[in-house]
Structure formats: C-alpha cells, structure tokens
>>> print(open('structure-v9.txt').read())   # compact mmCIF, C-alpha atoms
# COMPACT_ATOMS: atom_id res chain seq x y z
CA MET Z 1 74.14 56.61 114.40
CA ASN Z 2 74.34 57.12 118.12
CA LYS Z 3 75.56 54.49 120.61
CA ASN Z 4 72.10 53.39 121.80
CA LEU Z 5 70.86 52.71 118.30
CA GLU Z 6 74.11 50.92 117.48
CA LYS Z 7 73.60 48.69 120.53
CA ARG Z 8 70.15 47.75 119.22
CA LEU Z 9 71.61 46.96 115.82
CA LYS Z 10 74.24 44.69 117.37
CA SER Z 11 71.60 42.84 119.38
CA LEU Z 12 69.50 42.28 116.25
CA VAL Z 13 72.17 41.59 113.64
CA GLY Z 14 75.31 40.63 115.59
CA GLU Z 15 78.67 42.23 116.33
CA ASP Z 16 79.92 41.97 112.76
CA TYR Z 17 77.01 43.95 111.31
CA LEU Z 18 79.09 45.88 108.78
CA ASN Z 19 79.93 42.63 107.00
CA LYS Z 20 76.34 41.39 106.97
CA ASP Z 21 74.40 41.15 103.70
CA PHE Z 22 71.20 43.11 103.32
CA ASN Z 23 68.02 41.04 103.68
CA ILE Z 24 67.15 38.53 100.92
CA THR Z 25 69.94 39.70 98.61
CA SER Z 26 71.89 36.51 99.27
CA ASN Z 27 68.85 34.36 98.41
CA ILE Z 28 67.87 35.94 95.11
CA ASN Z 29 69.18 33.19 92.82
CA SER Z 30 69.18 30.34 95.26
CA LYS Z 31 65.56 29.21 95.44
CA ARG Z 32 62.83 28.16 93.04
CA GLY Z 33 59.93 30.57 93.01
CA SER Z 34 62.22 33.19 94.41
CA VAL Z 35 60.65 35.96 92.29
CA ARG Z 36 57.40 35.70 94.25
CA MET Z 37 59.40 35.55 97.46
CA ILE Z 38 61.36 38.65 96.50
CA LEU Z 39 58.23 40.59 95.56
CA ASN Z 40 56.70 39.73 98.94
CA LYS Z 41 59.83 40.88 100.67
CA ILE Z 42 60.04 44.34 99.14
CA TYR Z 43 58.80 47.38 101.01
CA THR Z 44 57.39 49.29 98.04
CA PRO Z 45 55.92 52.82 98.05
CA GLN Z 46 52.46 51.16 98.01
CA LYS Z 47 53.27 49.16 101.13
CA ARG Z 48 54.62 52.33 102.74
CA GLU Z 49 51.30 54.07 102.02
CA GLN Z 50 49.42 51.09 103.52
CA LYS Z 51 51.61 51.13 106.62
CA ILE Z 52 51.07 54.88 107.13
CA ASN Z 53 47.27 54.34 106.89
CA GLU Z 54 47.46 51.38 109.26
CA VAL Z 55 49.46 53.34 111.85
CA LEU Z 56 47.15 56.37 111.61
CA SER Z 57 44.04 54.20 111.95
CA ILE Z 58 45.08 52.84 115.38
CA LYS Z 59 43.84 55.43 117.89
CA LEU Z 60 45.70 56.25 121.07
CA PRO Z 61 43.48 56.13 124.19
CA ARG Z 62 42.54 59.72 125.17
CA MET W 1 92.30 59.74 92.13
CA PHE W 2 89.42 60.87 94.32
CA ASP W 3 89.16 60.64 98.06
CA PHE W 4 86.30 58.28 98.78
CA LYS W 5 87.02 58.06 102.50
CA GLU W 6 84.42 60.63 103.54
CA ILE W 7 81.69 58.92 101.55
CA ALA W 8 82.78 55.47 102.78
CA ILE W 9 82.29 56.70 106.38
CA LEU W 10 78.84 58.02 105.50
CA TYR W 11 78.00 54.77 103.68
CA LYS W 12 78.84 52.75 106.81
CA GLU W 13 76.47 54.92 108.84
CA ILE W 14 73.68 54.52 106.30
CA LYS W 15 74.22 50.78 106.04
CA LYS W 16 73.75 50.52 109.81
CA ILE W 17 70.41 52.35 109.61
CA VAL W 18 69.18 50.28 106.66
CA LEU W 19 70.17 47.04 108.44
CA LEU W 20 68.40 48.21 111.59
CA ALA W 21 65.26 49.05 109.59
CA GLU W 22 65.27 45.72 107.75
CA ASN W 23 65.62 43.84 111.03
CA ILE W 24 63.11 45.90 113.02
CA ASN W 25 60.54 45.51 110.22
CA GLU W 26 58.27 42.63 111.27
CA LYS W 27 58.12 41.22 107.71
CA ASP W 28 61.89 41.36 107.08
CA GLU W 29 61.29 43.42 103.94
CA VAL W 30 63.95 45.28 102.01
CA ILE W 31 63.25 48.97 101.50
CA LEU W 32 62.91 49.70 97.80
CA SER W 33 63.41 53.45 98.11
CA SER W 34 66.64 52.96 100.11
CA ILE W 35 67.93 50.47 97.52
CA ASN W 36 67.16 52.96 94.78
CA GLU W 37 68.92 55.82 96.58
CA MET W 38 71.98 53.63 97.16
CA ARG W 39 71.98 52.68 93.47
CA ASN W 40 71.87 56.38 92.56
CA ALA W 41 74.71 57.12 94.99
CA PHE W 42 76.83 54.39 93.39
CA ASP W 43 76.06 55.75 89.93
CA HIS W 44 77.26 59.25 90.92
CA LEU W 45 80.48 57.77 92.31
CA MET W 46 81.16 55.93 89.05
CA ARG W 47 80.51 59.13 87.10
CA CYS W 48 83.64 60.55 88.77
CA TYR W 49 85.56 58.58 86.11
CA ASN W 50 83.60 59.99 83.16
CA GLU W 51 85.33 62.43 80.87
CA ASN W 52 84.70 66.08 81.79
CA SER W 53 83.01 65.11 85.04
CA ASN W 54 83.20 67.19 88.20
CA PRO W 55 84.14 64.57 90.85
CA GLN W 56 83.52 66.91 93.78
CA GLN W 57 80.01 67.57 92.52
CA GLU W 58 79.38 63.86 91.92
CA ILE W 59 80.51 62.97 95.45
CA TYR W 60 78.29 65.72 96.85
CA LYS W 61 75.31 64.27 94.95
CA ALA W 62 76.16 60.73 96.06
CA LYS W 63 76.13 61.95 99.67
CA GLY W 64 72.66 63.41 99.18
CA HIS W 65 71.34 60.09 97.91
CA LEU W 66 72.90 58.22 100.82
CA PHE W 67 71.26 60.58 103.31
CA ARG W 68 67.95 60.00 101.57
CA ALA W 69 68.42 56.21 101.83
CA GLY W 70 68.97 56.56 105.58
CA TYR W 71 66.02 58.92 105.93
CA ASP W 72 63.66 56.41 104.29
CA ALA W 73 65.01 53.62 106.53
CA TYR W 74 64.49 55.76 109.65
CA GLU W 75 60.92 56.42 108.55
CA LEU W 76 60.20 52.69 108.44
CA ILE W 77 61.72 52.19 111.92
CA ALA W 78 59.55 55.02 113.28
CA LEU W 79 56.40 53.62 111.65
CA GLU W 80 56.99 50.11 113.02
CA THR W 81 57.75 51.51 116.47
CA ILE W 82 54.64 53.73 116.62
CA LYS W 83 52.52 50.78 115.48
CA THR W 84 53.86 48.64 118.34
CA ILE W 85 53.38 51.46 120.87
CA LYS W 86 49.78 52.08 119.79
CA GLN W 87 48.90 48.38 119.64
CA ASN W 88 50.17 47.92 123.19
CA LEU W 89 48.40 50.98 124.62
CA LYS W 90 45.02 50.59 122.91
CA ASN W 91 44.01 47.83 125.37
CA TYR W 92 44.08 50.22 128.32
CA SER W 93 41.89 53.13 129.39
CA PRO W 94 43.44 56.61 129.75
CA THR W 95 42.97 56.32 133.54
CA THR W 96 44.98 53.09 133.66
CA ILE W 97 47.72 54.49 131.41
CA LEU W 98 47.99 57.66 133.52
CA GLN W 99 48.50 55.57 136.66
CA VAL W 100 51.58 53.95 135.10
CA PHE W 101 52.72 56.82 132.86
CA PRO W 102 51.98 60.14 134.59
CA ASN W 103 53.67 61.87 131.58
CA TYR W 104 51.24 60.24 129.11
CA TYR W 105 49.47 63.39 127.87
CA ASN W 106 52.33 65.88 128.10
CA GLU W 107 55.08 63.70 126.60
CA ILE W 108 53.96 60.42 125.01
CA VAL W 109 50.88 61.71 123.17
CA ILE W 110 52.76 64.85 122.07
CA LEU W 111 55.66 62.81 120.65
CA ILE W 112 53.37 60.50 118.67
CA ASP W 113 51.13 63.36 117.49
CA ARG W 114 54.20 65.26 116.27
CA PHE W 115 55.35 62.35 114.16
CA GLU W 116 51.85 61.62 112.85
CA LYS W 117 51.41 65.23 111.74
CA GLU W 118 54.49 64.80 109.56
CA LEU W 119 53.02 61.60 108.13
CA THR W 120 49.72 63.32 107.36
CA LYS W 121 51.59 66.13 105.60
CA ILE W 122 53.50 63.61 103.50
CA ARG W 123 50.32 61.70 102.71
CA GLY W 124 48.28 64.81 101.93
CA ASN W 125 50.81 66.41 99.64
CA LYS W 126 53.01 63.95 97.85
CA LYS W 127 55.28 66.70 96.61
CA ILE W 128 56.61 67.27 100.12
CA ASP W 129 58.15 63.84 99.78
CA TYR W 130 60.55 65.34 97.28
CA ASN W 131 61.29 68.57 99.11
CA PHE W 132 64.92 67.56 99.47
CA TYR W 133 65.37 68.55 95.84
CA ASP W 134 66.15 72.14 94.90
CA GLU W 135 64.72 74.12 91.97
CA ASN W 136 67.15 72.36 89.59
CA ASN W 137 65.88 68.98 90.82
CA GLU W 138 69.18 68.34 92.58
CA ILE W 139 69.34 66.97 96.11
CA ASP W 140 69.82 69.71 98.72
CA THR W 141 72.27 68.04 101.11
CA GLN W 142 71.93 70.67 103.85
CA LYS W 143 68.16 70.24 104.02
CA ILE W 144 68.40 66.47 104.05
CA GLU W 145 71.16 66.48 106.69
CA LYS W 146 68.98 68.56 109.03
CA ALA W 147 65.90 66.38 108.45
CA PHE W 148 68.09 63.33 108.95
CA SER W 149 69.43 64.33 112.36
CA ASP W 150 65.93 65.40 113.50
CA TYR W 151 64.66 61.99 112.47
CA GLU W 152 67.42 60.21 114.33
CA LYS W 153 66.38 61.96 117.55
CA VAL W 154 62.69 61.13 117.08
CA VAL W 155 63.48 57.50 116.23
CA GLU W 156 65.59 57.10 119.34
CA GLU W 157 62.91 58.68 121.54
CA LEU W 158 60.29 56.36 120.01
CA LEU W 159 62.43 53.23 120.44
CA ASN W 160 63.13 54.12 124.08
CA LEU W 161 59.43 54.76 124.65
CA LYS W 162 58.53 51.40 123.05
CA ASP W 163 60.97 49.61 125.38
CA GLU W 164 59.55 51.45 128.40
CA ILE W 165 55.96 50.54 127.46
CA ILE W 166 56.84 46.88 126.89
CA GLN W 167 58.64 46.76 130.26
CA LYS W 168 55.63 48.28 131.99
CA ILE W 169 52.97 45.99 130.51
CA PRO W 170 52.78 43.96 133.77
CA ALA W 171 52.22 47.23 135.67
CA LEU W 172 49.53 48.28 133.15
CA GLU W 173 47.80 44.89 133.53
CA LYS W 174 47.91 45.21 137.32
CA ALA W 175 46.45 48.74 137.22
CA LYS W 176 43.74 47.55 134.77
CA LYS W 177 42.70 44.68 137.09
CA GLU W 178 42.65 47.00 140.12
CA ASN W 179 40.48 49.51 138.26
CA ILE W 180 38.05 46.77 137.21
CA TYR W 181 37.93 45.52 140.83
CA PHE W 182 37.18 49.01 142.22
CA LYS W 183 34.57 49.70 139.54
CA THR W 184 32.82 46.37 140.22
CA LYS W 185 32.94 47.08 143.96
CA GLU W 186 31.40 50.54 143.40
CA ILE W 187 28.60 49.05 141.28
CA ILE W 188 27.83 46.36 143.89
CA VAL W 189 27.81 48.91 146.75
CA ALA W 190 25.59 51.28 144.73
CA SER W 191 23.19 48.42 143.91
CA ILE W 192 22.96 47.36 147.58
CA ILE W 193 22.35 50.95 148.72
CA SER W 194 19.64 51.50 146.10
CA ALA W 195 18.01 48.15 147.02
CA ILE W 196 17.93 49.13 150.73
CA PHE W 197 16.50 52.55 149.88
CA GLY W 198 13.92 50.92 147.61
CA ALA W 199 12.88 48.56 150.39
CA ILE W 200 12.60 51.38 152.96
CA ILE W 201 10.53 53.53 150.58
CA SER W 202 8.21 50.66 149.71
CA LEU W 203 7.78 49.91 153.45
CA ILE W 204 6.86 53.57 154.12
CA ILE W 205 4.39 53.60 151.22
CA THR W 206 2.68 50.31 152.21
CA LYS W 207 2.28 51.56 155.85
>>> encode(input="structure-v9.txt", output="structure tokens")
Amino acid sequence: MNKNLEKRLKSLVGEDYLNKDFNITSNINSKRGSVRMILNKIYTPQKREQKINEVLSIKLPR
Amino acid sequence: MFDFKEIAILYKEIKKIVLLAENINEKDEVILSSINEMRNAFDHLMRCYNENSNPQQEIYKAKGHLFRAGYDAYELIALETIKTIKQNLKNYSPTTILQVFPNYYNEIVILIDRFEKELTKIRGNKKIDYNFYDENNEIDTQKIEKAFSDYEKVVEELLNLKDEIIQKIPALEKAKKENIYFKTKEIIVASIISAIFGAIISLIITK
C-alpha cells in the first residue's frame, strides 16, 4: 500500500491500525440478535452485484 | 521450520487494504470474499505441517489467496468511491462541470469509463471473475499480482479525484448559480426584445 492510501487508513482507523480488529468480529458473541446484525453487516456476492448495478445506473453528466 | 516472514509482510499489507475497505464502505460491512480468501490462505499455511506436504508450494498458494483478498477489498473501495463521485457530479450540467474541471472529458470521464468497462466485463461473464486460476484451478500469483498493482493505481486515482470533487463543490455550486443567472437574464432580454418587436409590428399593421 502506498503512503497516500496508508495516510487515509490512519485517518479512518487510527495510528495503531495493524492491531485493530476487523469490523464486527469483536461483537459476534456479545449481543442478543447478533446473527441478524452479522448478516446485515456482510458484503456478500449478492450485495456486490447490487452495488455494481447501482453504480452503473448513476449516469455521469455528458 | 518454515520462513513465514515473507507471507507475514504480505498479510500486513492485505490487512491494511481490507481495513480501509471496511471503513470506507458506508455500511461498515465485512467483505465475505476477502474473509474466505484469508481463511484459504490460513489453511494453506497450516498444511505446511501435514505429512508429505510441499511447504514452498503451500506458501505460494497462500500468497495467491491473500492477493485475491486484497483485490476484492480494492474493488469495494473503487465501487464506493465511484458512487460518491457520480452522486456528487450528477447535480451539475456538463457546462458547469467543465468550468470547474476543464479536464472533465479527457481525464475524469475516461478514468470512470475505464473502471466501469471492467465491471461490465465481470458482470457479463462471471467466469472472468475466476481468471486468476490456471488450467489446474490453482491461483496464478503472477496474474493476480499484476491485476493487484493496477487496481491499487486506479483506486488511488479515484480516491484523489473524489477528494478533489468534494473540495470543489462550493466552486461547482457557484458556477451553477452563475449559469442559472445568465440563462435567466438571456430569457428576460429575449422576451423584452420579442415584445418590443411584436409591438412595432402590430403598430405598423394597424396603421
């Protein structure tokens, strides 16, 4: 990863990013109803397909 | 004992990209395909301790899976970034955009079109999604490494462009207001001129 991208990462996650947990993994067993929460928080291949369609459907002004 | 240092360095790089993707993603989602690739990478590393295993080969395969995890994370960053860029620009006419971004057609549109063509290819032919695998269904690390560094460049260009567009929104708004003002002025002037002409003609006719 180049320096500019690393700078962005630090601003989003903090200086100690290499010791940060991935999203939601620390919450998996800690909350009731967490299964639904986890399912909503997973970027599945279906969601990827939806996102691609969404991005392609927004037209750039020409 | 095997030397895991090289793969640990690669893992750190991939973790950075996955963290960046998870945090840039507006819904804070975790990327299933990246998780799966990391799981596969871990499995290959553990196979180094199996009887009759070829550790060098297993490490090579683990590297391929890690690259793939990073590639999928970069794709999500690029998608989110393009979405933000397009959502911000769609409120302005091409004339307004060109006033603020003179390079709009020859750089910005070309960059976004290039990325979208790749997306269309992936969407149109799902098999291309797996073209990092060779004829034996093994990950081709050279191919994935090349695609990976190309992606990194595109992602950086897109992120820089997004920042530039967000910074220039006040300028875009100003140009939009000025254009509306000039257009309204033109319409009013044209209406007055046509009203005067109409009056003169009707005077001539009634005489």
>>> residues_around(input="structure-v9.txt", residues="W:Asn179", least_positions_apart="4", cutoff="9 Å", atoms="all atoms listed in the file", output="mmCIF file with C-alpha atoms, in the coordinates of the input")
data_model
loop_
_atom_site.group_PDB
_atom_site.id
_atom_site.type_symbol
_atom_site.label_atom_id
_atom_site.label_comp_id
_atom_site.auth_asym_id
_atom_site.auth_seq_id
_atom_site.Cartn_x
_atom_site.Cartn_y
_atom_site.Cartn_z
ATOM 1 C CA THR W 95 42.970 56.320 133.540
ATOM 2 C CA THR W 96 44.980 53.090 133.660
ATOM 3 C CA LYS W 174 47.910 45.210 137.320
ATOM 4 C CA ALA W 175 46.450 48.740 137.220
ATOM 5 C CA LYS W 183 34.570 49.700 139.540
ATOM 6 C CA THR W 184 32.820 46.370 140.220
#
>>> residues_around(input="structure-v9.txt", residues="Z:Arg62", least_positions_apart="6", cutoff="10 Å", atoms="all atoms listed in the file", output="PyMOL selection string")
chain W and resi 90+93-95+97+104-105+109
>>> closest_atom_pairs(input="structure-v9.txt", of="chain Z", to="chain W", cutoff="7 Å", atoms="all atoms listed in the file", output="Markdown table")
| residue | atom | partner | partner_atom | distance |
| --- | --- | --- | --- | --- |
| Z:Met1 | CA | W:Glu13 | CA | 6.3 |
| Z:Leu5 | CA | W:Glu156 | CA | 6.9 |
| Z:Leu9 | CA | W:Leu20 | CA | 5.5 |
| Z:Leu12 | CA | W:Asn23 | CA | 6.7 |
| Z:Phe22 | CA | W:Leu19 | CA | 6.5 |
| Z:Asn23 | CA | W:Val30 | CA | 6.1 |
| Z:Lys41 | CA | W:Glu29 | CA | 4.4 |
| Z:Ile42 | CA | W:Val30 | CA | 4.9 |
| Z:Tyr43 | CA | W:Ile31 | CA | 4.8 |
| Z:Thr44 | CA | W:Leu32 | CA | 5.5 |
| Z:Val55 | CA | W:Lys83 | CA | 5.4 |
| Z:Ile58 | CA | W:Lys86 | CA | 6.5 |
| Z:Leu60 | CA | W:Lys86 | CA | 6.0 |
| Z:Pro61 | CA | W:Pro94 | CA | 5.6 |
| Z:Arg62 | CA | W:Pro94 | CA | 5.6 |
>>> closest_residue(input="structure-v9.txt", among="Z:Asp16, Z:Lys59, Z:Ile52, Z:Leu39", to="W:Ala78", atoms="all atoms listed in the file")
Z:Ile52
>>> atom_distance(input="structure-v9.txt", atom1="atom CA of W:Lys143", atom2="atom CA of W:Arg68")
10.5 Å
>>> atom_distance(input="structure-v9.txt", atom1="atom CA of W:Val100", atom2="atom CA of W:Glu157")
18.3 Å
>>> atom_distance(input="structure-v9.txt", atom1="atom CA of W:Met46", atom2="atom CA of W:Phe2")
11.0 Å
